[in-house]
file query-v4.pdb (PDB, C-alpha atoms and all ligand atoms)
ATOM      1  CA  MET L   1     -16.924 -22.361  52.967
ATOM      2  CA  ALA L   2     -13.589 -20.696  52.075
ATOM      3  CA  PRO L   3     -11.536 -19.403  55.031
ATOM      4  CA  ALA L   4     -11.908 -15.669  55.678
ATOM      5  CA  GLY L   5      -8.401 -14.957  54.332
ATOM      6  CA  SER L   6      -8.792 -16.994  51.122
ATOM      7  CA  GLU L   7      -7.493 -15.673  47.848
ATOM      8  CA  PHE L   8     -10.941 -16.015  46.226
ATOM      9  CA  LEU L   9     -12.601 -13.974  48.991
ATOM     10  CA  ARG L  10      -9.897 -11.298  48.801
ATOM     11  CA  ALA L  11     -10.216 -11.069  45.002
ATOM     12  CA  VAL L  12     -14.028 -10.821  45.169
ATOM     13  CA  LEU L  13     -14.098  -8.143  47.882
ATOM     14  CA  HIS L  14     -11.337  -6.193  46.152
ATOM     15  CA  GLY L  15     -13.162  -6.305  42.785
ATOM     16  CA  LEU L  16     -16.517  -5.292  44.259
ATOM     17  CA  ALA L  17     -14.894  -2.347  46.064
ATOM     18  CA  GLN L  18     -13.746  -0.871  42.695
ATOM     19  CA  THR L  19     -15.643   1.703  40.637
ATOM     20  CA  PRO L  20     -16.929   0.286  38.343
ATOM     21  CA  LYS L  21     -17.231  -3.046  40.142
ATOM     22  CA  THR L  22     -15.323  -6.011  38.714
ATOM     23  CA  LEU L  23     -14.887  -9.737  39.342
ATOM     24  CA  PRO L  24     -11.950 -11.744  37.973
ATOM     25  CA  CYS L  25     -12.857 -14.084  35.091
ATOM     26  CA  THR L  26     -10.375 -16.717  36.315
ATOM     27  CA  TYR L  27     -13.017 -17.790  38.861
ATOM     28  CA  PHE L  28     -15.573 -18.767  36.172
ATOM     29  CA  TYR L  29     -14.174 -22.279  36.003
ATOM     30  CA  ASP L  30     -15.503 -24.303  38.939
ATOM     31  CA  ALA L  31     -16.957 -27.705  37.927
ATOM     32  CA  THR L  32     -20.255 -26.128  36.763
ATOM     33  CA  GLY L  33     -18.432 -23.281  34.987
ATOM     34  CA  ALA L  34     -16.167 -25.736  33.170
ATOM     35  CA  ARG L  35     -19.233 -27.762  32.053
ATOM     36  CA  LEU L  36     -20.989 -24.582  30.864
ATOM     37  CA  PHE L  37     -17.867 -23.498  28.961
ATOM     38  CA  THR L  38     -17.788 -26.884  27.180
ATOM     39  CA  ARG L  39     -21.422 -26.230  26.153
ATOM     40  CA  ILE L  40     -20.491 -22.701  24.971
ATOM     41  CA  CYS L  41     -17.806 -24.183  22.709
ATOM     42  CA  ARG L  42     -20.512 -26.305  20.994
ATOM     43  CA  LEU L  43     -23.029 -23.457  20.515
ATOM     44  CA  PRO L  44     -23.884 -22.620  16.905
ATOM     45  CA  GLU L  45     -23.104 -18.915  17.576
ATOM     46  CA  TYR L  46     -19.732 -19.526  19.284
ATOM     47  CA  TYR L  47     -17.571 -19.873  16.170
ATOM     48  CA  LEU L  48     -14.191 -19.643  17.983
ATOM     49  CA  THR L  49     -13.604 -23.316  18.858
ATOM     50  CA  ARG L  50     -14.897 -24.690  15.550
ATOM     51  CA  SER L  51     -12.906 -22.164  13.503
ATOM     52  CA  GLU L  52      -9.671 -22.848  15.371
ATOM     53  CA  MET L  53     -10.115 -26.630  15.138
ATOM     54  CA  ALA L  54     -10.775 -26.297  11.396
ATOM     55  CA  LEU L  55      -7.625 -24.183  10.965
ATOM     56  CA  LEU L  56      -5.520 -26.711  12.874
ATOM     57  CA  GLN L  57      -7.102 -29.603  10.964
ATOM     58  CA  GLN L  58      -6.378 -27.943   7.660
ATOM     59  CA  HIS L  59      -2.927 -26.527   8.390
ATOM     60  CA  GLY L  60      -1.592 -28.724  11.220
ATOM     61  CA  GLY L  61       0.814 -30.459   8.824
ATOM     62  CA  GLU L  62       2.147 -27.193   7.421
ATOM     63  CA  ILE L  63       2.564 -25.673  10.901
ATOM     64  CA  ALA L  64       4.346 -28.808  12.144
ATOM     65  CA  ARG L  65       6.800 -28.672   9.220
ATOM     66  CA  ARG L  66       8.051 -25.308  10.565
ATOM     67  CA  VAL L  67       8.936 -26.931  13.905
ATOM     68  CA  PRO L  68      12.185 -28.889  14.394
ATOM     69  CA  ALA L  69      12.236 -32.636  15.142
ATOM     70  CA  HIS L  70      12.326 -33.909  18.756
ATOM     71  CA  VAL L  71      10.572 -30.811  20.091
ATOM     72  CA  GLY L  72       9.298 -30.663  23.689
ATOM     73  CA  VAL L  73       5.737 -29.302  23.593
ATOM     74  CA  VAL L  74       4.195 -27.302  26.465
ATOM     75  CA  GLU L  75       0.478 -26.470  26.369
ATOM     76  CA  PHE L  76      -0.483 -23.577  28.659
ATOM     77  CA  GLY L  77      -3.997 -24.097  30.105
ATOM     78  CA  SER L  78      -4.440 -27.464  28.376
ATOM     79  CA  GLY L  79      -7.937 -28.346  29.727
ATOM     80  CA  SER L  80      -9.052 -31.505  27.934
ATOM     81  CA  SER L  81      -6.027 -31.366  25.520
ATOM     82  CA  ARG L  82      -8.419 -31.735  22.575
ATOM     83  CA  LYS L  83      -6.502 -29.545  20.153
ATOM     84  CA  ILE L  84      -2.964 -30.812  20.649
ATOM     85  CA  ASP L  85      -3.728 -34.004  18.684
ATOM     86  CA  LEU L  86      -3.984 -31.902  15.550
ATOM     87  CA  LEU L  87      -0.295 -30.961  15.992
ATOM     88  CA  LEU L  88       1.108 -34.082  17.659
ATOM     89  CA  GLU L  89       0.020 -36.276  14.765
ATOM     90  CA  HIS L  90       2.177 -34.177  12.395
ATOM     91  CA  LEU L  91       5.230 -33.316  14.537
ATOM     92  CA  ASP L  92       8.453 -35.154  13.756
ATOM     93  CA  ARG L  93       9.148 -37.486  16.739
ATOM     94  CA  PRO L  94       8.214 -35.009  19.514
ATOM     95  CA  ALA L  95      10.273 -35.547  22.687
ATOM     96  CA  ALA L  96       7.580 -34.747  25.253
ATOM     97  CA  TYR L  97       4.155 -33.217  25.795
ATOM     98  CA  VAL L  98       3.743 -31.150  28.971
ATOM     99  CA  PRO L  99       0.118 -30.085  29.570
ATOM    100  CA  VAL L 100      -0.160 -27.337  32.229
ATOM    101  CA  ASP L 101      -3.549 -26.810  33.894
ATOM    102  CA  VAL L 102      -5.162 -25.942  37.239
ATOM    103  CA  SER L 103      -7.668 -28.792  36.944
ATOM    104  CA  LEU L 104      -6.063 -32.009  38.189
ATOM    105  CA  SER L 105      -8.947 -34.179  36.970
ATOM    106  CA  CYS L 106      -8.714 -32.700  33.433
ATOM    107  CA  LEU L 107      -4.938 -33.241  33.402
ATOM    108  CA  GLN L 108      -5.208 -36.841  34.556
ATOM    109  CA  SER L 109      -7.902 -37.913  32.111
ATOM    110  CA  ALA L 110      -6.214 -36.089  29.196
ATOM    111  CA  ALA L 111      -2.846 -37.700  30.048
ATOM    112  CA  ARG L 112      -4.441 -41.185  30.205
ATOM    113  CA  ALA L 113      -6.038 -40.754  26.777
ATOM    114  CA  LEU L 114      -2.865 -39.329  25.185
ATOM    115  CA  ARG L 115      -0.653 -42.107  26.601
ATOM    116  CA  ARG L 116      -2.967 -44.635  24.935
ATOM    117  CA  ARG L 117      -2.814 -42.781  21.611
ATOM    118  CA  TYR L 118       0.944 -41.998  21.686
ATOM    119  CA  PRO L 119       2.548 -44.871  23.629
ATOM    120  CA  GLY L 120       6.117 -43.763  22.757
ATOM    121  CA  LEU L 121       5.659 -40.126  23.802
ATOM    122  CA  LEU L 122       6.689 -38.819  27.231
ATOM    123  CA  ILE L 123       3.574 -37.152  28.731
ATOM    124  CA  ALA L 124       4.494 -35.079  31.803
ATOM    125  CA  PRO L 125       1.454 -33.165  33.161
ATOM    126  CA  VAL L 126       2.058 -30.130  35.392
ATOM    127  CA  HIS L 127      -0.664 -29.130  37.848
ATOM    128  CA  ALA L 128      -0.260 -25.342  37.932
ATOM    129  CA  ASP L 129      -1.755 -21.994  37.018
ATOM    130  CA  PHE L 130      -0.157 -21.083  33.685
ATOM    131  CA  THR L 131      -0.189 -17.367  34.572
ATOM    132  CA  THR L 132       2.405 -17.955  37.300
ATOM    133  CA  HIS L 133       6.139 -18.347  36.711
ATOM    134  CA  LEU L 134       6.807 -21.969  35.663
ATOM    135  CA  GLU L 135      10.064 -23.918  35.835
ATOM    136  CA  LEU L 136       9.769 -26.914  33.529
ATOM    137  CA  ALA L 137      13.405 -28.072  33.337
ATOM    138  CA  GLN L 138      12.487 -31.337  35.086
ATOM    139  CA  GLN L 139       9.616 -32.173  32.753
ATOM    140  CA  LEU L 140      11.275 -31.178  29.471
ATOM    141  CA  PRO L 141      14.150 -33.083  27.902
ATOM    142  CA  ALA L 142      16.975 -30.960  26.399
ATOM    143  CA  GLY L 143      16.309 -29.768  22.843
ATOM    144  CA  PRO L 144      13.951 -27.403  21.024
ATOM    145  CA  LYS L 145      10.771 -26.223  22.742
ATOM    146  CA  LEU L 146       7.331 -25.374  21.391
ATOM    147  CA  GLY L 147       4.622 -23.582  23.396
ATOM    148  CA  PHE L 148       0.939 -23.993  22.505
ATOM    149  CA  PHE L 149      -1.664 -21.485  23.702
ATOM    150  CA  PRO L 150      -4.909 -21.971  21.736
ATOM    151  CA  GLY L 151      -8.530 -20.921  22.253
ATOM    152  CA  SER L 152      -8.030 -17.129  22.275
ATOM    153  CA  THR L 153      -7.414 -17.311  26.019
ATOM    154  CA  LEU L 154      -4.856 -14.565  25.362
ATOM    155  CA  GLY L 155      -7.858 -12.332  24.589
ATOM    156  CA  ASN L 156      -9.003 -12.578  28.226
ATOM    157  CA  PHE L 157      -5.946 -10.550  29.301
ATOM    158  CA  ASP L 158      -5.566  -6.795  28.864
ATOM    159  CA  PRO L 159      -2.922  -6.047  26.204
ATOM    160  CA  ALA L 160      -0.215  -5.205  28.785
ATOM    161  CA  ASP L 161      -0.902  -8.445  30.697
ATOM    162  CA  ALA L 162      -1.066 -10.401  27.428
ATOM    163  CA  THR L 163       2.388  -9.064  26.537
ATOM    164  CA  ALA L 164       3.766  -9.989  29.958
ATOM    165  CA  LEU L 165       2.210 -13.460  29.671
ATOM    166  CA  LEU L 166       3.777 -14.155  26.267
ATOM    167  CA  ARG L 167       7.125 -12.933  27.586
ATOM    168  CA  ARG L 168       6.800 -15.289  30.581
ATOM    169  CA  PHE L 169       5.989 -18.224  28.255
ATOM    170  CA  ALA L 170       9.119 -17.435  26.220
ATOM    171  CA  THR L 171      11.207 -17.324  29.418
ATOM    172  CA  THR L 172       9.784 -20.667  30.582
ATOM    173  CA  LEU L 173      10.451 -22.269  27.187
ATOM    174  CA  GLY L 174      13.911 -20.729  26.859
ATOM    175  CA  GLU L 175      16.187 -19.363  24.137
ATOM    176  CA  GLY L 176      15.149 -20.162  20.553
ATOM    177  CA  CYS L 177      11.664 -21.398  21.470
ATOM    178  CA  GLN L 178       8.614 -21.278  19.222
ATOM    179  CA  LEU L 179       5.061 -20.529  20.318
ATOM    180  CA  ILE L 180       1.740 -21.273  18.589
ATOM    181  CA  VAL L 181      -1.053 -18.910  19.687
ATOM    182  CA  GLY L 182      -4.727 -18.983  18.662
ATOM    183  CA  VAL L 183      -6.535 -15.615  18.817
ATOM    184  CA  ASP L 184      -9.952 -14.363  17.809
ATOM    185  CA  THR L 185     -10.124 -11.699  15.087
ATOM    186  CA  LYS L 186     -11.916  -8.350  14.839
ATOM    187  CA  LYS L 187     -15.053  -8.859  12.783
ATOM    188  CA  ASP L 188     -18.673  -7.924  12.154
ATOM    189  CA  VAL L 189     -20.139  -6.757  15.483
ATOM    190  CA  CYS L 190     -23.378  -8.759  15.002
ATOM    191  CA  ARG L 191     -21.408 -11.999  14.800
ATOM    192  CA  LEU L 192     -19.355 -11.120  17.871
ATOM    193  CA  HIS L 193     -22.463 -10.088  19.766
ATOM    194  CA  ALA L 194     -24.288 -13.343  18.924
ATOM    195  CA  ALA L 195     -21.314 -15.441  20.100
ATOM    196  CA  TYR L 196     -21.472 -13.903  23.600
ATOM    197  CA  ASN L 197     -25.268 -13.461  23.826
ATOM    198  CA  ASP L 198     -26.389 -16.878  22.573
ATOM    199  CA  ALA L 199     -30.056 -17.647  22.086
ATOM    200  CA  ALA L 200     -30.024 -20.630  24.484
ATOM    201  CA  GLY L 201     -28.680 -18.465  27.327
ATOM    202  CA  VAL L 202     -25.656 -20.676  28.057
ATOM    203  CA  THR L 203     -23.244 -17.720  28.205
ATOM    204  CA  ALA L 204     -25.650 -15.934  30.562
ATOM    205  CA  ALA L 205     -25.685 -19.021  32.823
ATOM    206  CA  PHE L 206     -21.857 -19.169  32.648
ATOM    207  CA  ASN L 207     -21.590 -15.502  33.697
ATOM    208  CA  LEU L 208     -24.215 -15.801  36.489
ATOM    209  CA  ASN L 209     -22.559 -18.976  37.794
ATOM    210  CA  LEU L 210     -19.817 -16.727  39.193
ATOM    211  CA  LEU L 211     -22.372 -15.297  41.649
ATOM    212  CA  ARG L 212     -23.611 -18.813  42.470
ATOM    213  CA  ARG L 213     -20.008 -19.815  43.198
ATOM    214  CA  ILE L 214     -19.581 -16.814  45.528
ATOM    215  CA  ASN L 215     -22.783 -17.818  47.338
ATOM    216  CA  ARG L 216     -21.626 -21.417  47.744
ATOM    217  CA  GLU L 217     -17.937 -20.936  48.520
ATOM    218  CA  LEU L 218     -17.910 -17.563  50.286
ATOM    219  CA  GLY L 219     -21.296 -17.498  51.983
ATOM    220  CA  GLY L 220     -22.704 -14.897  49.582
ATOM    221  CA  THR L 221     -26.380 -13.919  49.387
ATOM    222  CA  PHE L 222     -26.625 -12.954  45.691
ATOM    223  CA  ASP L 223     -30.162 -13.428  44.350
ATOM    224  CA  LEU L 224     -29.396 -14.615  40.814
ATOM    225  CA  ARG L 225     -32.841 -13.470  39.600
ATOM    226  CA  GLN L 226     -31.833  -9.884  40.408
ATOM    227  CA  PHE L 227     -28.868  -9.791  37.983
ATOM    228  CA  VAL L 228     -28.819 -10.125  34.195
ATOM    229  CA  HIS L 229     -26.063 -10.946  31.712
ATOM    230  CA  ARG L 230     -24.955  -8.323  29.146
ATOM    231  CA  ALA L 231     -22.102  -8.687  26.669
ATOM    232  CA  PRO L 232     -21.630  -5.613  24.436
ATOM    233  CA  TYR L 233     -18.726  -5.054  22.021
ATOM    234  CA  ASN L 234     -16.555  -2.095  23.032
ATOM    235  CA  ARG L 235     -15.328  -0.958  19.632
ATOM    236  CA  ALA L 236     -12.791   1.569  20.934
ATOM    237  CA  ALA L 237     -11.081  -1.071  23.085
ATOM    238  CA  GLY L 238     -11.597  -3.894  20.525
ATOM    239  CA  ARG L 239     -13.160  -6.247  23.040
ATOM    240  CA  ILE L 240     -16.362  -8.007  24.067
ATOM    241  CA  GLU L 241     -17.113  -7.137  27.677
ATOM    242  CA  MET L 242     -19.162  -9.381  29.929
ATOM    243  CA  HIS L 243     -21.200  -7.683  32.641
ATOM    244  CA  LEU L 244     -23.758  -8.664  35.279
ATOM    245  CA  ILE L 245     -26.303  -5.880  35.732
ATOM    246  CA  SER L 246     -28.163  -5.377  38.989
ATOM    247  CA  LEU L 247     -31.898  -5.139  38.249
ATOM    248  CA  ARG L 248     -32.612  -3.070  41.357
ATOM    249  CA  ALA L 249     -30.979  -1.321  44.285
ATOM    250  CA  GLN L 250     -29.875  -4.123  46.598
ATOM    251  CA  THR L 251     -27.422  -5.118  49.293
ATOM    252  CA  VAL L 252     -25.598  -8.428  49.195
ATOM    253  CA  ARG L 253     -23.678 -10.046  52.030
ATOM    254  CA  ILE L 254     -20.451 -11.929  51.354
ATOM    255  CA  GLY L 255     -19.218 -13.509  54.566
ATOM    256  CA  ASN L 256     -18.975 -10.583  56.983
ATOM    257  CA  ALA L 257     -18.904  -7.906  54.270
ATOM    258  CA  GLN L 258     -21.816  -6.042  52.675
ATOM    259  CA  VAL L 259     -21.875  -4.753  49.103
ATOM    260  CA  THR L 260     -24.536  -2.363  47.829
ATOM    261  CA  PHE L 261     -25.691  -2.071  44.218
ATOM    262  CA  ARG L 262     -27.624   0.687  42.486
ATOM    263  CA  ALA L 263     -30.374  -0.291  40.039
ATOM    264  CA  GLY L 264     -28.623  -0.758  36.673
ATOM    265  CA  GLU L 265     -25.144  -0.955  38.202
ATOM    266  CA  SER L 266     -22.731  -3.341  36.495
ATOM    267  CA  ILE L 267     -20.169  -5.882  37.649
ATOM    268  CA  HIS L 268     -17.622  -6.174  34.827
ATOM    269  CA  THR L 269     -16.667  -9.872  34.780
ATOM    270  CA  GLU L 270     -14.614 -10.469  31.609
ATOM    271  CA  ASN L 271     -12.920  -8.904  28.608
ATOM    272  CA  SER L 272     -12.409 -10.845  25.412
ATOM    273  CA  TYR L 273     -10.051  -8.874  23.146
ATOM    274  CA  LYS L 274     -10.205  -9.382  19.391
ATOM    275  CA  TYR L 275      -6.970  -8.901  17.478
ATOM    276  CA  SER L 276      -6.082  -7.928  13.932
ATOM    277  CA  LEU L 277      -2.783  -9.211  12.517
ATOM    278  CA  ALA L 278      -1.237  -5.787  13.280
ATOM    279  CA  ASP L 279      -2.577  -5.814  16.874
ATOM    280  CA  PHE L 280      -1.196  -9.288  17.545
ATOM    281  CA  THR L 281       2.138  -8.580  15.858
ATOM    282  CA  ALA L 282       2.600  -5.540  18.139
ATOM    283  CA  ILE L 283       1.835  -7.559  21.290
ATOM    284  CA  ALA L 284       4.175 -10.378  20.238
ATOM    285  CA  SER L 285       6.918  -7.933  19.371
ATOM    286  CA  ASN L 286       6.581  -6.144  22.735
ATOM    287  CA  ALA L 287       7.056  -9.597  24.295
ATOM    288  CA  GLY L 288      10.262 -10.095  22.267
ATOM    289  CA  LEU L 289       8.645 -12.500  19.773
ATOM    290  CA  ALA L 290       8.395 -12.264  15.991
ATOM    291  CA  VAL L 291       5.415 -13.603  14.039
ATOM    292  CA  ARG L 292       6.829 -16.256  11.678
ATOM    293  CA  GLY L 293       3.576 -17.739  10.352
ATOM    294  CA  THR L 294      -0.093 -16.699  10.169
ATOM    295  CA  TRP L 295      -3.113 -18.870   9.366
ATOM    296  CA  ILE L 296      -6.545 -17.225   9.030
ATOM    297  CA  ASP L 297      -9.640 -18.885   7.545
ATOM    298  CA  ARG L 298     -11.439 -17.508   4.510
ATOM    299  CA  GLN L 299     -14.175 -15.801   6.597
ATOM    300  CA  ARG L 300     -11.406 -14.277   8.757
ATOM    301  CA  SER L 301     -13.122 -15.769  11.823
ATOM    302  CA  PHE L 302     -10.026 -16.841  13.745
ATOM    303  CA  SER L 303      -6.239 -16.747  13.522
ATOM    304  CA  VAL L 304      -3.376 -19.030  14.485
ATOM    305  CA  TYR L 305       0.126 -17.591  14.768
ATOM    306  CA  LEU L 306       3.534 -19.211  14.945
ATOM    307  CA  CYS L 307       5.956 -16.975  16.842
ATOM    308  CA  GLY L 308       9.664 -17.302  17.449
ATOM    309  CA  GLY L 309      12.179 -15.656  19.720
TER     310      GLY L 309
HETATM  311  C1  LIG S   1     -11.859 -18.798  27.457
HETATM  312  N1  LIG S   1     -12.164 -17.624  26.612
HETATM  313  C2  LIG S   1     -11.271 -17.605  25.453
HETATM  314  C3  LIG S   1     -13.577 -17.445  26.277
HETATM  315  C4  LIG S   1     -13.757 -16.181  25.396
HETATM  316  O1  LIG S   1     -14.366 -16.318  24.330
HETATM  317  O2  LIG S   1     -13.277 -15.120  25.760
HETATM  318  C5  LIG S   1     -14.423 -17.320  27.524
HETATM  319  C6  LIG S   1     -15.862 -17.033  27.222
HETATM  320  N2  LIG S   1     -16.564 -16.084  27.759
HETATM  321  C7  LIG S   1     -17.780 -16.104  27.265
HETATM  322  N3  LIG S   1     -17.838 -17.042  26.351
HETATM  323  C8  LIG S   1     -16.668 -17.663  26.321
END

call {"tool": "encode", "arguments": {"input": "query-v4.pdb", "output": "structure tokens"}}
result
Amino acid sequence: MAPAGSEFLRAVLHGLAQTPKTLPCTYFYDATGARLFTRICRLPEYYLTRSEMALLQQHGGEIARRVPAHVGVVEFGSGSSRKIDLLLEHLDRPAAYVPVDVSLSCLQSAARALRRRYPGLLIAPVHADFTTHLELAQQLPAGPKLGFFPGSTLGNFDPADATALLRRFATTLGEGCQLIVGVDTKKDVCRLHAAYNDAAGVTAAFNLNLLRRINRELGGTFDLRQFVHRAPYNRAAGRIEMHLISLRAQTVRIGNAQVTFRAGESIHTENSYKYSLADFTAIASNAGLAVRGTWIDRQRSFSVYLCGG
């Protein structure tokens, strides 16, 4: 069980003391959460991963032609590094690939596979949380830098935090850097709703797994049958919201603390912002970046942007 002063425990108790109650989405990704997220990415309703891969497959060459030779590539939150191939194969003699991720096992297996595929390329994994300040001078050879931030992970940050994050990436990469960002688009609400309320219930399991993790790691007593997953689209804010709704009035213990829930009360667990070209351009520009290239598929399902300082 986590020590009483652990960061996870503090974050959980802080979130559940708010009105309305919240839990941070960064804690979704324990081993089970990561496996469930991989299943989400393969769901027929979850178009994000497929649409982004298709965009990169179709336009990877064109995107790579806008990037100088010998670039050092940094992927923020690289996970299994599945998407970077679609750029690496087109880049002109890249100098290095630096995947940054909190999962050491993901980093190690991705690095092994990439070293086999690109024997001449320097692969320098960094085990870190990409939201923190990163110094990569040791990993990156001198020369141009390219950041890669796919998957619409930017959408999981509120716009002010998203701006700060992009600014931090630009600082890490340095003067004259470029940054490729994948973000989900605003679209038909039914399609958005289906993607986060899938028929097989995988997203519900992913959301509820946060309570299971609290039970296991923090000595929580959540009864998972007494909470249900809801993911409505908040049109005014332009985001899908994930919630866990308490089915009855109940009290839950977490370590030494007690948290009470009213029947119907929500724990807000995640936001997933959807961005139009204008929305994203404004966020990039507030971060000191200009949009230099935009790729959107014909159904306008997903967008990939190339930004520059
Ligand atoms: C990681 N992130 C971009 C996903 C999203 O779509 O916001 C997380 C997710 N939540 C529910 N389904 C997928």

call {"tool": "residues_around", "arguments": {"input": "query-v4.pdb", "residues": "Leu16 in chain L", "least_positions_apart": "5", "cutoff": "9 Å", "atoms": "all atoms listed in the file", "output": "JSON, numbers by chain"}}
result
{"L": [11, 21, 22, 23, 259, 267]}

call {"tool": "residues_near_ligand", "arguments": {"input": "query-v4.pdb", "ligand": "ligand LIG 1 (chain S)", "cutoff": "9 Å", "atoms": "all atoms listed in the file", "output": "MDAnalysis selection string"}}
result
chainID L and resid 25 28 37 40:41 46 48:49 150:156 183:184 195:197 202:204 206:207 231 240:242 270:273

call {"tool": "atom_distance", "arguments": {"input": "query-v4.pdb", "atom1": "CA of Gln57 in chain L", "atom2": "CA of Ile296 in chain L"}}
result
12.5 Å

call {"tool": "residues_around", "arguments": {"input": "query-v4.pdb", "residues": "Met53 in chain L", "least_positions_apart": "4", "cutoff": "12 Å", "atoms": "only C-alpha atoms", "output": "PyMOL selection string"}}
result
chain L and resi 41-42+47-49+57-60+82-87+150-151+182+295-297+301-304

call {"tool": "atom_distance", "arguments": {"input": "query-v4.pdb", "atom1": "CA of Leu247 in chain L", "atom2": "CA of Leu211 in chain L"}}
result
14.3 Å

call {"tool": "atom_distance", "arguments": {"input": "query-v4.pdb", "atom1": "CA of Leu56 in chain L", "atom2": "CA of Tyr233 in chain L"}}
result
27.0 Å

call {"tool": "closest_residue", "arguments": {"input": "query-v4.pdb", "among": "L:Ser246, L:Thr131, L:Thr32, L:Gln108", "to": "Thr260 in chain L", "atoms": "only C-alpha atoms"}}
result
L:Ser246

call {"tool": "closest_residue", "arguments": {"input": "query-v4.pdb", "among": "L:Leu224, L:Leu218, L:Ala199, L:Ala290", "to": "Gly255 in chain L", "atoms": "only C-alpha atoms"}}
result
L:Leu218

call {"tool": "closest_residue", "arguments": {"input": "query-v4.pdb", "among": "L:Pro99, L:Gly264, L:Gly219, L:Gly120", "to": "Leu146 in chain L", "atoms": "all atoms listed in the file"}}
result
L:Pro99

call {"tool": "resolve_selection", "arguments": {"input": "query-v4.pdb", "expression": "the PyMOL selection byres (((chain L and resi 230) around 7) and not hetatm)", "output": "ChimeraX atom specification"}}
result
/L:228-229,231-232,242-244

call {"tool": "closest_residue", "arguments": {"input": "query-v4.pdb", "among": "L:Val189, L:Ala164, L:Leu88, L:Phe8", "to": "Arg65 in chain L", "atoms": "all atoms listed in the file"}}
result
L:Leu88

call {"tool": "closest_residue", "arguments": {"input": "query-v4.pdb", "among": "L:Val67, L:Ala200, L:Val98, L:Leu43", "to": "Gly293 in chain L", "atoms": "all atoms listed in the file"}}
result
L:Val67

call {"tool": "closest_residue", "arguments": {"input": "query-v4.pdb", "among": "L:Arg112, L:Arg239, L:Arg66, L:His193", "to": "Asp92 in chain L", "atoms": "only C-alpha atoms"}}
result
L:Arg66

call {"tool": "residues_around", "arguments": {"input": "query-v4.pdb", "residues": "range 252-254 of chain L", "least_positions_apart": "4", "cutoff": "10 Å", "atoms": "only C-alpha atoms", "output": "VMD selection string"}}
result
chain L and resid 9 12 to 13 214 to 215 217 to 223 258 to 261

call {"tool": "residues_around", "arguments": {"input": "query-v4.pdb", "residues": "Ser103 in chain L", "least_positions_apart": "3", "cutoff": "12 Å", "atoms": "only C-alpha atoms", "output": "number ranges by chain"}}
result
L: 29-31, 34, 77-81, 99-100, 106-110, 125-130

call {"tool": "residues_around", "arguments": {"input": "query-v4.pdb", "residues": "Pro68 in chain L", "least_positions_apart": "5", "cutoff": "12 Å", "atoms": "only C-alpha atoms", "output": "PyMOL selection string"}}
result
chain L and resi 63+73+90-95+143-146+176-178

call {"tool": "write_last_selection", "arguments": {"input": "query-v4.pdb", "atoms": "C-alpha atoms", "output": "PDB file, keeping the file's coordinate frame"}}
result
ATOM      1  CA  ILE L  63       2.564 -25.673  10.901  1.00  0.00           C
ATOM      2  CA  VAL L  73       5.737 -29.302  23.593  1.00  0.00           C
ATOM      3  CA  HIS L  90       2.177 -34.177  12.395  1.00  0.00           C
ATOM      4  CA  LEU L  91       5.230 -33.316  14.537  1.00  0.00           C
ATOM      5  CA  ASP L  92       8.453 -35.154  13.756  1.00  0.00           C
ATOM      6  CA  ARG L  93       9.148 -37.486  16.739  1.00  0.00           C
ATOM      7  CA  PRO L  94       8.214 -35.009  19.514  1.00  0.00           C
ATOM      8  CA  ALA L  95      10.273 -35.547  22.687  1.00  0.00           C
ATOM      9  CA  GLY L 143      16.309 -29.768  22.843  1.00  0.00           C
ATOM     10  CA  PRO L 144      13.951 -27.403  21.024  1.00  0.00           C
ATOM     11  CA  LYS L 145      10.771 -26.223  22.742  1.00  0.00           C
ATOM     12  CA  LEU L 146       7.331 -25.374  21.391  1.00  0.00           C
ATOM     13  CA  GLY L 176      15.149 -20.162  20.553  1.00  0.00           C
ATOM     14  CA  CYS L 177      11.664 -21.398  21.470  1.00  0.00           C
ATOM     15  CA  GLN L 178       8.614 -21.278  19.222  1.00  0.00           C
TER      16      GLN L 178
END

call {"tool": "axis_aligned_box", "arguments": {"input": "query-v4.pdb", "around": "range 83-97 of chain L", "padding_each_side": "5 Å", "output": "lines of an AutoDock Vina configuration file"}}
result
center_x = 1.9
center_y = -33.5
center_z = 19.1
size_x = 26.8
size_y = 17.9
size_z = 23.4

call {"tool": "resolve_selection", "arguments": {"input": "query-v4.pdb", "expression": "the PyMOL selection byres (((chain L and resi 286) around 10) and not hetatm)", "output": "NGL selection string"}}
result
:L and (160 or 162-164 or 166-167 or 280-285 or 287-290)

call {"tool": "decode", "arguments": {"input": "query-v4.pdb", "residues": "range 171-176 of chain L", "atoms": "N, CA and C atoms", "output": "PDB file, in the first residue's frame"}}
result
ATOM      1  N   THR L 171      10.501  25.194 -24.911  1.00  0.00           N
ATOM      2  CA  THR L 171      11.685  25.555 -24.118  1.00  0.00           C
ATOM      3  C   THR L 171      12.656  24.380 -24.077  1.00  0.00           C
ATOM      4  N   THR L 172      12.123  23.177 -23.841  1.00  0.00           N
ATOM      5  CA  THR L 172      12.970  21.977 -23.791  1.00  0.00           C
ATOM      6  C   THR L 172      13.694  21.780 -25.124  1.00  0.00           C
ATOM      7  N   LEU L 173      12.966  21.982 -26.227  1.00  0.00           N
ATOM      8  CA  LEU L 173      13.544  21.713 -27.552  1.00  0.00           C
ATOM      9  C   LEU L 173      14.490  22.833 -27.987  1.00  0.00           C
ATOM     10  N   GLY L 174      14.200  24.047 -27.535  1.00  0.00           N
ATOM     11  CA  GLY L 174      15.102  25.171 -27.810  1.00  0.00           C
ATOM     12  C   GLY L 174      14.734  25.963 -29.055  1.00  0.00           C
ATOM     13  N   GLU L 175      15.390  27.097 -29.169  1.00  0.00           N
ATOM     14  CA  GLU L 175      15.246  28.066 -30.270  1.00  0.00           C
ATOM     15  C   GLU L 175      15.115  27.373 -31.641  1.00  0.00           C
ATOM     16  N   GLY L 176      14.119  27.786 -32.416  1.00  0.00           N
ATOM     17  CA  GLY L 176      14.006  27.306 -33.798  1.00  0.00           C
ATOM     18  C   GLY L 176      13.443  25.897 -33.931  1.00  0.00           C
TER      19      GLY L 176
END
